[in-house]
2 protein chains.
Amino acid sequence: MLYGFHGRILHVDLTNNTLEVETPDEHFYRKYMGGSAIGLYYALKLIPKGADPLGPENVMVFAVGPMTGAPISGQSRLAVTAKSPLTGAIGDSQSGGYFPAELKFAGFDAIVVKGKADHPVYLWIHDGEAEIRDASHLWGKVTGEVEDLIKEELGEKKLQILQVGPAGEKGVRFAALINMANRANGRTGMGAVMGSKNLKAIVVKGSSKWRPKVADPKKLRELSKWGVEHLESSDSAGLALLGTAEIVVSQSKGGGLPTRNWESGYFEGAERISGERMYNEILKERDTCYGCIIRCKRVVEVKEGPYKVDPRYGGPEYETLATFGAYCGVDNLEAVAYANQICNMYGMDTISCGATIAWAMDCFERGLITTEDTGGIELRFGNADAMVKMTEMIARREGFGDILAEGSARAAQIIGRGTEERLATVKGQEMPAHMPHVKRSLGLIYAVNPFGADHQSSEHDPAYKAYPERMATLDLKDPVSRLVLNGEKVKFAVRTQWFYSAMDTVAVCQFVYGPAWQLYDSLQLVEALRAVTGWNVSLYELEEVGRRRLNMLRAFNAREGIGRDQDKLPKRFFKEALKGGKSDGIKLDEEELERAKDMYYAMNVWDVETGMPTRAALESVSLQWVADLLGL
Amino acid sequence: MLYGFHGRILHVDLTNNTLEVETPDEHFYRKYMGGSAIGLYYALKLIPKGADPLGPENVMVFAVGPMTGAPISGQSRLAVTAKSPLTGAIGDSQSGGYFPAELKFAGFDAIVVKGKADHPVYLWIHDGEAEIRDASHLWGKVTGEVEDLIKEELGEKKLQILQVGPAGEKGVRFAALINMANRANGRTGMGAVMGSKNLKAIVVKGSSKWRPKVADPKKLRELSKWGVEHLESSDSAGLALLGTAEIVVSQSKGGGLPTRNWESGYFEGAERISGERMYNEILKERDTCYGCIIRCKRVVEVKEGPYKVDPRYGGPEYETLATFGAYCGVDNLEAVAYANQICNMYGMDTISCGATIAWAMDCFERGLITTEDTGGIELRFGNADAMVKMTEMIARREGFGDILAEGSARAAQIIGRGTEERLATVKGQEMPAHMPHVKRSLGLIYAVNPFGADHQSSEHDPAYKAYPERMATLDLKDPVSRLVLNGEKVKFAVRTQWFYSAMDTVAVCQFVYGPAWQLYDSLQLVEALRAVTGWNVSLYELEEVGRRRLNMLRAFNAREGIGRDQDKLPKRFFKEALKGGKSDGIKLDEEELERAKDMYYAMNVWDVETGMPTRAALESVSLQWVADLLGL
């Protein structure tokens, strides 16, 4: 008996307009466990080497996990996998909302989309069945409008829609997938891939008949109840009050808020874009994902002034406040909230979008980009109007925005003039708002993460000291300062990367489950997973599931020739010291990073020279077929 | 609050006649966890490189674990660690009985013995205190007699004695430590080390005051109760009925009972030395270790005939029946039981002793050894009298026994004449009675195990298919035939070796806890450990504890220059096919083994060429200090 899953995966061939349902066995589910690993399973099998990320040969996988839809917090998560048009490497992105649970309740564990439709279409999925429908009338429309039109057309209000906005249609390389008009699979340009397939949306409607059974409902109820009782006393309580924005001020005070395109870790305007200010001045309500008690989502409203914000598009996360705010030197909260709205309307990743604009501002300040490029816009740090304008221009690929829509790394190649010196990207993906300067293991993960710089692929350094008991459970017992990157710290990076990788595979939220500050600790996640699936799951198994996914990510890249040579941080981080604040004078040490990479690859049983998986590594996570695929 | 331990380790310096108590902190205990890893911690720190195993510079560590003495089955285990006089590599050996729990109740977690006394002494430990006492009057006496004399001398009946017999005094290289006159730390010659220190015995007497507290007694009681309720339906039930001897017949039928010095896997006399026959004809009672419901120990009695057996010396285990029986072609159960008694009286490892005699018989049959060597004894396969006689001569180092007391590998060097061609040893240690020919992952572990061929350092191949649900917990989900040694099977070897290594560290019995057929599965061991210690222990942590110990074992050897070049099976296993029975015609494939070793070292992050730990491997188990020690 398979609990937690349907044992049904939908295969959609848009080129041939066909639908098929695959029914894998329990072994498949226990081995790949859900989410991103199921995505990678199909990505490795179905995407040919050298595929054009925006061509019909790219394959997209949308996958949920065993816990998705179960009555406990933090389980409504969707993993999307495809080759990334932003990085040329594997693309991988997660989101929350109600869509993931609704997809499960509609009767599927995953959707695999191949080919390209000859006209805009959307998928309509309910009661275990699927249909490809015309979407010509939806093309070019922003997400909120499309939500309304589809609900009207299908005569259903209670359905969930995952869609690409106009940015994805136009191939903005960091285009996102948006659900509920305010949740995003933001990173690695998955929106551009879906747009390239002429797939406007996936619409799902669940029914109680299609709820997968939970093996031990009593145990799961106990865990849920425990969560309710312990939320207030947990470190997740801050998220409930202020959302992810709770850390804006502390990041800046600690010298860890990237400011003016990473010139400084201190932003003098931090208070003005803080979670506290958002809470006091523009918060309309706190929103949540299916079944989750945390309620970390912000909904903001601005009724007056130049930047009116419609609450249907949610509100900015910490990353968004940082990238459109501190990165750009902008301390205008309303402007940042408005830029966030544009991203949710047009479907763009707020991190890459804000960071790309910040990079352009940096170049502008240095005269590497001028008003001739920008069409007269004074693209200076602190210019909120220019930031907003540029966000709109990118979304529509207008003027200079058409170049920035390629992402900062490609834009630098197009523009030249030394603009690439100012990049803050890894593998072509813009860096999120946590600074390797003050979190050295995170810096290592930024460098080596297969889909580019990512802040949710490992635990951040300060947790090692702050949560000794929880860390010990992962055999992390010898805490090291966040400013040190020695072998023990590499171990911390590796072990927590595996665990985060497992969370993206099981498809649960990293704000609810995790090895450090989260409401539920790593062993409680294991308990929850056991309650749902009935499997005798262990934390060991879970770490291995995470390691399996990581090997699949690296294997995909290895096939594309991407290895150690692309695992690097921006050169300027080693040359230019940060200016001001608590991290004043700090720069990174390239030798330290290279030594750490040596150890990181070795600990993963990968080839130290190339950074690519060895047969031994792949066999050690039972991926013989992947070793064969790579010709190892 | 430290549960499960005292936080007290006794340091004994025999040269200087001093005693000290060290009080490590909780971090030390959680990191090294007990047993063998605590032993290795001191072995690495205190034994100088190149030390003579029989010299005063060797250090012996006797360590129990957190669960030792707690009210649950399978916890009364003692790990003994020192440099081995048999192999020149690290020595490591476990035993059960009542001694381990009694040591705990006497107030210590471990005893570290340095130096050499200038006359025979014994240690007397009770109520958290220790005393070095004269043992001159005990020297040369057999174990049963020493038990009686010490009890009389101390005026105590309820005490436990761990001692070396005359064999250990005389430096028989496979001398054992004996407790209760019928339990042995058998392997790797720990008895010779203790004898070389003039340390005749360690005598312990516990008291209720010195019982360490259990963190969650209710949970532990539940687990104990579960064990009582499930023993009969578990695969441990066979052990309860017939002891380890239960497998004699099935091993032979499956072609896996080493016969006539590994000429065949089938022994035509198997039924006559079987557990069933022992049960029906000579069993006096079933014995057990402290607090254990399994009762796997045999006590036999033979009142008539040439081989009278005294029940105080217990009864033969499977390994003993195999080595003195099948290895030697002897099907006389009474003779085997008598040889077992000699080993327990004089303190010798039955495996190495029986296997060494079998090797000599093989050489005798081939004319490589003659009656001139043996002093007239017809040392032929099947000659029970000769087998018994030779056992006595080894124990007393008389005549040809003086040469065989060196172990078969050294004896072959002394004798020459091609006798080394007939060896069945790894790193100089005689192979136990499970055949790599029909258990390929076990063959790999025989080759690579740091203290020589060992059958209790990993799960045996058939378990992979037979216990799929329990194996899945260790992420072993793709079972492979026992005749195959591919990458997946190497993974099985590695993962279960880590787990068994953890069990020797936590110091629990592998007949009660384990990842396959055992009464309690791997996750129940974790639960028990959590209940006892109060630590938030995970299976992941436990695997890492096991991996840490394995790295310490390899690191000790690496310092001695022992690596891949000594990780090899006897050459003849690749050349000579087995004869008769189900494994007729099977030989091992050297290339297969070498490929498997490549993968085994890689999966352990060790240097593939040398088989030695890398800095990355040591750092990945938080052993920076060991990497420093090795100058990596």
# chains A, B, ... in the order shown; residues from 1 in each chain; ligands from 1
>>> residues_around(residues="stretch 140-152 of chain B", least_positions_apart="3", cutoff="10 Å", atoms="only C-alpha atoms", output="MDAnalysis selection string")
chainID B and resid 122 124 135:137 155:170 177:182 200:201 203 312:313 342:347 396
>>> residues_around(residues="A:Glu420", least_positions_apart="5", cutoff="12 Å", atoms="only C-alpha atoms", output="CSV table (one decimal) with N, CA and C atoms, in the first residue's frame")
chain,number,residue,atom,x,y,z
A,356,THR,N,20.1,42.5,-10.7
A,356,THR,CA,20.5,42.9,-12.1
A,356,THR,C,20.4,44.4,-12.2
A,359,TRP,N,23.3,45.8,-10.2
A,359,TRP,CA,24.5,45.7,-11.0
A,359,TRP,C,24.6,46.8,-12.1
A,360,ALA,N,23.5,47.1,-12.7
A,360,ALA,CA,23.5,48.1,-13.8
A,360,ALA,C,23.7,49.5,-13.1
A,362,ASP,N,25.4,50.1,-10.4
A,362,ASP,CA,26.9,50.1,-10.1
A,362,ASP,C,27.7,50.5,-11.3
A,363,CYS,N,27.3,49.9,-12.4
A,363,CYS,CA,28.0,50.2,-13.7
A,363,CYS,C,27.8,51.7,-14.1
A,368,LEU,N,30.3,53.1,-16.7
A,368,LEU,CA,30.4,51.9,-17.7
A,368,LEU,C,29.1,51.8,-18.4
A,369,ILE,N,28.0,52.2,-17.8
A,369,ILE,CA,26.7,52.3,-18.5
A,369,ILE,C,26.3,53.8,-18.4
A,407,GLY,N,19.5,38.9,-17.8
A,407,GLY,CA,20.2,38.6,-16.6
A,407,GLY,C,21.5,39.4,-16.6
A,408,SER,N,22.1,39.7,-15.5
A,408,SER,CA,23.3,40.6,-15.4
A,408,SER,C,24.5,40.0,-16.1
A,409,ALA,N,24.7,38.6,-16.0
A,409,ALA,CA,25.9,38.0,-16.6
A,409,ALA,C,25.9,38.2,-18.1
A,410,ARG,N,24.7,37.8,-18.7
A,410,ARG,CA,24.6,37.9,-20.2
A,410,ARG,C,24.7,39.4,-20.6
A,411,ALA,N,24.0,40.3,-19.8
A,411,ALA,CA,24.0,41.7,-20.1
A,411,ALA,C,25.4,42.3,-20.2
A,412,ALA,N,26.2,41.8,-19.2
A,412,ALA,CA,27.6,42.3,-19.2
A,412,ALA,C,28.4,41.8,-20.4
A,413,GLN,N,28.1,40.7,-20.9
A,413,GLN,CA,28.7,40.2,-22.1
A,413,GLN,C,28.3,41.0,-23.3
A,414,ILE,N,27.0,41.4,-23.4
A,414,ILE,CA,26.5,42.2,-24.5
A,414,ILE,C,27.1,43.6,-24.4
A,415,ILE,N,27.1,44.2,-23.2
A,415,ILE,CA,27.5,45.6,-23.1
A,415,ILE,C,29.1,45.7,-23.1
A,425,THR,N,27.4,37.3,-9.5
A,425,THR,CA,26.7,36.2,-9.9
A,425,THR,C,27.6,34.9,-9.7
A,428,GLY,N,26.2,32.5,-13.5
A,428,GLY,CA,25.2,33.4,-14.2
A,428,GLY,C,24.0,33.7,-13.4
A,570,PRO,N,32.4,35.6,-7.4
A,570,PRO,CA,33.0,36.8,-8.2
A,570,PRO,C,34.4,37.2,-7.7
A,571,LYS,N,35.2,37.4,-8.7
A,571,LYS,CA,36.6,37.7,-8.4
A,571,LYS,C,36.7,38.9,-7.4
A,572,ARG,N,35.8,39.9,-7.6
A,572,ARG,CA,36.0,41.1,-6.8
A,572,ARG,C,35.8,40.9,-5.3
>>> atom_distance(atom1="atom CA of A:Ile357", atom2="atom CA of A:Ile562")
26.9 Å
>>> interface_residues(of="chain B", to="chain A", cutoff="7 Å", atoms="only C-alpha atoms", output="mmCIF file with all heavy atoms, in the first residue's frame")
data_model
loop_
_atom_site.group_PDB
_atom_site.id
_atom_site.type_symbol
_atom_site.label_atom_id
_atom_site.label_comp_id
_atom_site.auth_asym_id
_atom_site.auth_seq_id
_atom_site.Cartn_x
_atom_site.Cartn_y
_atom_site.Cartn_z
ATOM 1 N N THR B 473 15.998 1.436 5.553
ATOM 2 C CA THR B 473 16.267 2.446 6.581
ATOM 3 C C THR B 473 17.709 2.957 6.487
ATOM 4 O O THR B 473 18.000 4.083 6.858
ATOM 5 C CB THR B 473 15.995 1.832 7.972
ATOM 6 O OG1 THR B 473 14.663 1.320 7.964
ATOM 7 C CG2 THR B 473 16.120 2.854 9.068
ATOM 8 N N LEU B 474 18.602 2.090 5.992
ATOM 9 C CA LEU B 474 19.990 2.508 5.759
ATOM 10 C C LEU B 474 20.200 2.914 4.296
ATOM 11 O O LEU B 474 21.324 2.916 3.802
ATOM 12 C CB LEU B 474 20.946 1.381 6.137
ATOM 13 C CG LEU B 474 21.164 1.170 7.641
ATOM 14 C CD1 LEU B 474 21.993 -0.077 7.898
ATOM 15 C CD2 LEU B 474 21.850 2.391 8.267
ATOM 16 N N ASP B 475 19.102 3.233 3.627
ATOM 17 C CA ASP B 475 19.136 3.591 2.203
ATOM 18 C C ASP B 475 19.734 2.473 1.355
ATOM 19 O O ASP B 475 20.413 2.730 0.367
ATOM 20 C CB ASP B 475 19.888 4.905 1.963
ATOM 21 C CG ASP B 475 19.590 5.443 0.571
ATOM 22 O OD1 ASP B 475 18.413 5.517 0.210
ATOM 23 O OD2 ASP B 475 20.552 5.743 -0.179
ATOM 24 N N GLY B 487 29.021 -2.183 -7.532
ATOM 25 C CA GLY B 487 29.052 -0.939 -6.763
ATOM 26 C C GLY B 487 27.976 -0.888 -5.693
ATOM 27 O O GLY B 487 28.211 -0.439 -4.571
ATOM 28 N N GLU B 488 26.800 -1.341 -6.043
ATOM 29 C CA GLU B 488 25.700 -1.343 -5.081
ATOM 30 C C GLU B 488 26.034 -2.245 -3.893
ATOM 31 O O GLU B 488 25.734 -1.917 -2.746
ATOM 32 C CB GLU B 488 24.416 -1.821 -5.776
ATOM 33 C CG GLU B 488 23.191 -1.920 -4.887
ATOM 34 C CD GLU B 488 22.710 -0.579 -4.337
ATOM 35 O OE1 GLU B 488 22.842 0.435 -5.036
ATOM 36 O OE2 GLU B 488 22.217 -0.562 -3.200
ATOM 37 N N LYS B 491 28.420 -0.541 -1.648
ATOM 38 C CA LYS B 491 27.648 0.387 -0.807
ATOM 39 C C LYS B 491 27.063 -0.351 0.395
ATOM 40 O O LYS B 491 27.139 0.136 1.530
ATOM 41 C CB LYS B 491 26.525 1.014 -1.636
ATOM 42 C CG LYS B 491 25.584 1.879 -0.824
ATOM 43 C CD LYS B 491 24.407 2.401 -1.640
ATOM 44 C CE LYS B 491 23.432 3.128 -0.710
ATOM 45 N NZ LYS B 491 22.287 3.714 -1.402
ATOM 46 N N ASN B 536 19.518 13.749 21.644
ATOM 47 C CA ASN B 536 18.624 13.711 20.493
ATOM 48 C C ASN B 536 19.293 12.921 19.362
ATOM 49 O O ASN B 536 19.424 13.396 18.237
ATOM 50 C CB ASN B 536 18.358 15.166 20.060
ATOM 51 C CG ASN B 536 17.026 15.328 19.378
ATOM 52 O OD1 ASN B 536 16.104 14.554 19.612
ATOM 53 N ND2 ASN B 536 16.923 16.325 18.524
ATOM 54 N N VAL B 537 19.695 11.713 19.687
ATOM 55 C CA VAL B 537 20.493 10.907 18.764
ATOM 56 C C VAL B 537 19.671 10.517 17.539
ATOM 57 O O VAL B 537 18.470 10.307 17.620
ATOM 58 C CB VAL B 537 20.987 9.622 19.461
ATOM 59 C CG1 VAL B 537 21.750 8.732 18.500
ATOM 60 C CG2 VAL B 537 21.843 9.961 20.661
ATOM 61 N N SER B 538 20.326 10.437 16.396
ATOM 62 C CA SER B 538 19.680 9.978 15.160
ATOM 63 C C SER B 538 20.461 8.809 14.590
ATOM 64 O O SER B 538 21.615 8.588 14.941
ATOM 65 C CB SER B 538 19.657 11.098 14.123
ATOM 66 O OG SER B 538 20.977 11.357 13.650
ATOM 67 N N LEU B 539 19.827 8.091 13.690
ATOM 68 C CA LEU B 539 20.531 7.015 12.994
ATOM 69 C C LEU B 539 21.669 7.589 12.163
ATOM 70 O O LEU B 539 22.710 6.961 11.990
ATOM 71 C CB LEU B 539 19.558 6.231 12.106
ATOM 72 C CG LEU B 539 20.142 5.043 11.359
ATOM 73 C CD1 LEU B 539 20.791 4.036 12.290
ATOM 74 C CD2 LEU B 539 19.067 4.345 10.527
ATOM 75 N N TYR B 540 21.461 8.805 11.678
ATOM 76 C CA TYR B 540 22.529 9.451 10.918
ATOM 77 C C TYR B 540 23.758 9.639 11.802
ATOM 78 O O TYR B 540 24.880 9.301 11.435
ATOM 79 C CB TYR B 540 22.072 10.806 10.370
ATOM 80 C CG TYR B 540 23.152 11.449 9.554
ATOM 81 C CD1 TYR B 540 23.417 10.993 8.264
ATOM 82 C CD2 TYR B 540 23.958 12.446 10.065
ATOM 83 C CE1 TYR B 540 24.435 11.537 7.513
ATOM 84 C CE2 TYR B 540 24.983 12.995 9.329
ATOM 85 C CZ TYR B 540 25.219 12.536 8.055
ATOM 86 O OH TYR B 540 26.246 13.061 7.315
ATOM 87 N N GLU B 541 23.493 10.179 12.980
ATOM 88 C CA GLU B 541 24.589 10.396 13.926
ATOM 89 C C GLU B 541 25.289 9.070 14.238
ATOM 90 O O GLU B 541 26.517 8.993 14.313
ATOM 91 C CB GLU B 541 24.008 11.017 15.195
ATOM 92 C CG GLU B 541 25.044 11.445 16.187
ATOM 93 C CD GLU B 541 24.402 12.051 17.431
ATOM 94 O OE1 GLU B 541 23.166 12.258 17.436
ATOM 95 O OE2 GLU B 541 25.140 12.303 18.396
ATOM 96 N N GLU B 544 27.554 7.945 11.595
ATOM 97 C CA GLU B 544 28.761 8.769 11.604
ATOM 98 C C GLU B 544 29.683 8.387 12.755
ATOM 99 O O GLU B 544 30.904 8.439 12.618
ATOM 100 C CB GLU B 544 28.377 10.252 11.671
ATOM 101 C CG GLU B 544 27.709 10.748 10.399
ATOM 102 C CD GLU B 544 28.636 10.712 9.202
ATOM 103 O OE1 GLU B 544 29.539 11.557 9.124
ATOM 104 O OE2 GLU B 544 28.461 9.822 8.341
ATOM 105 N N MET B 599 36.353 1.160 -5.195
ATOM 106 C CA MET B 599 35.106 1.843 -4.875
ATOM 107 C C MET B 599 34.923 1.983 -3.367
ATOM 108 O O MET B 599 34.440 3.004 -2.878
ATOM 109 C CB MET B 599 33.949 1.079 -5.500
ATOM 110 C CG MET B 599 32.797 1.999 -5.779
ATOM 111 S SD MET B 599 31.669 1.431 -7.057
ATOM 112 C CE MET B 599 32.687 1.296 -8.482
ATOM 113 N N ALA B 602 37.054 4.819 -2.161
ATOM 114 C CA ALA B 602 36.470 6.081 -2.629
ATOM 115 C C ALA B 602 35.241 6.443 -1.809
ATOM 116 O O ALA B 602 35.077 7.584 -1.381
ATOM 117 C CB ALA B 602 36.115 5.977 -4.110
ATOM 118 N N MET B 603 34.379 5.464 -1.552
ATOM 119 C CA MET B 603 33.161 5.746 -0.781
ATOM 120 C C MET B 603 33.489 6.167 0.648
ATOM 121 O O MET B 603 32.706 6.834 1.299
ATOM 122 C CB MET B 603 32.237 4.522 -0.764
ATOM 123 C CG MET B 603 31.526 4.273 -2.083
ATOM 124 S SD MET B 603 30.331 2.901 -1.943
ATOM 125 C CE MET B 603 29.885 2.657 -3.681
ATOM 126 N N VAL B 605 36.086 8.046 1.239
ATOM 127 C CA VAL B 605 36.893 9.253 1.056
ATOM 128 C C VAL B 605 38.357 8.994 1.433
ATOM 129 O O VAL B 605 39.061 9.868 1.921
ATOM 130 C CB VAL B 605 36.311 10.458 1.854
ATOM 131 C CG1 VAL B 605 36.939 11.775 1.439
ATOM 132 C CG2 VAL B 605 34.799 10.553 1.673
ATOM 133 N N ALA B 616 40.419 14.970 4.199
ATOM 134 C CA ALA B 616 38.984 15.219 3.985
ATOM 135 C C ALA B 616 38.139 14.173 4.710
ATOM 136 O O ALA B 616 37.114 14.497 5.312
ATOM 137 C CB ALA B 616 38.661 15.234 2.497
ATOM 138 N N ALA B 617 38.573 12.921 4.655
ATOM 139 C CA ALA B 617 37.822 11.863 5.331
ATOM 140 C C ALA B 617 37.807 12.112 6.833
ATOM 141 O O ALA B 617 36.762 12.017 7.483
ATOM 142 C CB ALA B 617 38.445 10.508 5.032
ATOM 143 N N GLU B 619 38.372 14.933 8.471
ATOM 144 C CA GLU B 619 37.621 16.150 8.801
ATOM 145 C C GLU B 619 36.114 15.888 8.695
ATOM 146 O O GLU B 619 35.324 16.476 9.429
ATOM 147 C CB GLU B 619 37.996 17.287 7.844
ATOM 148 C CG GLU B 619 39.439 17.757 7.971
ATOM 149 C CD GLU B 619 39.599 18.935 8.934
ATOM 150 O OE1 GLU B 619 38.661 19.225 9.690
ATOM 151 O OE2 GLU B 619 40.686 19.550 8.914
ATOM 152 N N SER B 620 35.739 15.016 7.793
ATOM 153 C CA SER B 620 34.303 14.776 7.613
ATOM 154 C C SER B 620 33.713 13.985 8.780
ATOM 155 O O SER B 620 32.496 13.869 8.887
ATOM 156 C CB SER B 620 34.027 14.082 6.278
ATOM 157 O OG SER B 620 34.301 12.707 6.369
ATOM 158 N N SER B 622 34.988 14.854 11.832
ATOM 159 C CA SER B 622 35.459 15.747 12.902
ATOM 160 C C SER B 622 36.668 15.194 13.645
ATOM 161 O O SER B 622 36.755 15.257 14.872
ATOM 162 C CB SER B 622 34.317 16.061 13.877
ATOM 163 O OG SER B 622 33.274 16.706 13.187
#
>>> closest_residue(among="B:Ala502, B:Ala89, B:Val112, B:Ala384", to="B:Gly561", atoms="only C-alpha atoms")
B:Ala89
>>> residues_around(residues="A:Gly376", least_positions_apart="4", cutoff="12 Å", atoms="only C-alpha atoms", output="mmCIF file with N, CA and C atoms, in the first residue's frame")
data_model
loop_
_atom_site.group_PDB
_atom_site.id
_atom_site.type_symbol
_atom_site.label_atom_id
_atom_site.label_comp_id
_atom_site.auth_asym_id
_atom_site.auth_seq_id
_atom_site.Cartn_x
_atom_site.Cartn_y
_atom_site.Cartn_z
ATOM 1 N N PHE A 364 26.549 52.119 -13.891
ATOM 2 C CA PHE A 364 26.180 53.488 -14.247
ATOM 3 C C PHE A 364 26.968 54.495 -13.409
ATOM 4 N N ILE A 369 28.035 52.244 -17.841
ATOM 5 C CA ILE A 369 26.741 52.319 -18.508
ATOM 6 C C ILE A 369 26.315 53.783 -18.399
ATOM 7 N N THR A 370 25.727 54.302 -19.463
ATOM 8 C CA THR A 370 25.361 55.733 -19.454
ATOM 9 C C THR A 370 23.892 55.882 -19.831
ATOM 10 N N THR A 371 23.456 57.121 -19.827
ATOM 11 C CA THR A 371 22.064 57.395 -20.216
ATOM 12 C C THR A 371 21.818 57.025 -21.676
ATOM 13 N N GLU A 372 22.884 56.930 -22.433
ATOM 14 C CA GLU A 372 22.712 56.471 -23.823
ATOM 15 C C GLU A 372 22.190 55.039 -23.859
ATOM 16 N N ARG A 380 20.940 55.501 -10.996
ATOM 17 C CA ARG A 380 21.864 55.654 -9.870
ATOM 18 C C ARG A 380 21.347 54.948 -8.623
ATOM 19 N N ALA A 386 13.857 55.167 -10.851
ATOM 20 C CA ALA A 386 14.608 54.463 -11.893
ATOM 21 C C ALA A 386 14.537 52.954 -11.667
ATOM 22 N N LYS A 389 11.065 51.811 -12.700
ATOM 23 C CA LYS A 389 10.938 51.929 -14.159
ATOM 24 C C LYS A 389 11.678 50.779 -14.849
ATOM 25 N N MET A 390 12.874 50.521 -14.356
ATOM 26 C CA MET A 390 13.690 49.475 -14.981
ATOM 27 C C MET A 390 13.043 48.100 -14.781
ATOM 28 N N GLY A 399 13.310 48.630 -24.350
ATOM 29 C CA GLY A 399 14.528 49.440 -24.304
ATOM 30 C C GLY A 399 15.670 48.713 -23.610
ATOM 31 N N PHE A 400 16.319 49.398 -22.641
ATOM 32 C CA PHE A 400 17.451 48.814 -21.923
ATOM 33 C C PHE A 400 17.013 47.578 -21.131
#
>>> residues_around(residues="stretch 324-329 of chain A", least_positions_apart="6", cutoff="6 Å", atoms="only C-alpha atoms", output="ChimeraX atom specification")
/A:258-261,336,354,358,381-382
>>> residues_around(residues="A:Gly291", least_positions_apart="5", cutoff="12 Å", atoms="only C-alpha atoms", output="JSON, numbers by chain")
{"A": [67, 68, 69, 70, 71, 72, 73, 74, 75, 76, 77, 96, 97, 98, 99, 100, 101, 102, 224, 227, 228, 509, 512]}
>>> residues_around(residues="A:Asn340", least_positions_apart="3", cutoff="12 Å", atoms="only C-alpha atoms", output="NGL selection string")
:A and (181-184 or 186 or 298-301 or 307-325 or 333-337 or 343-354 or 387-388 or 391-392 or 395)
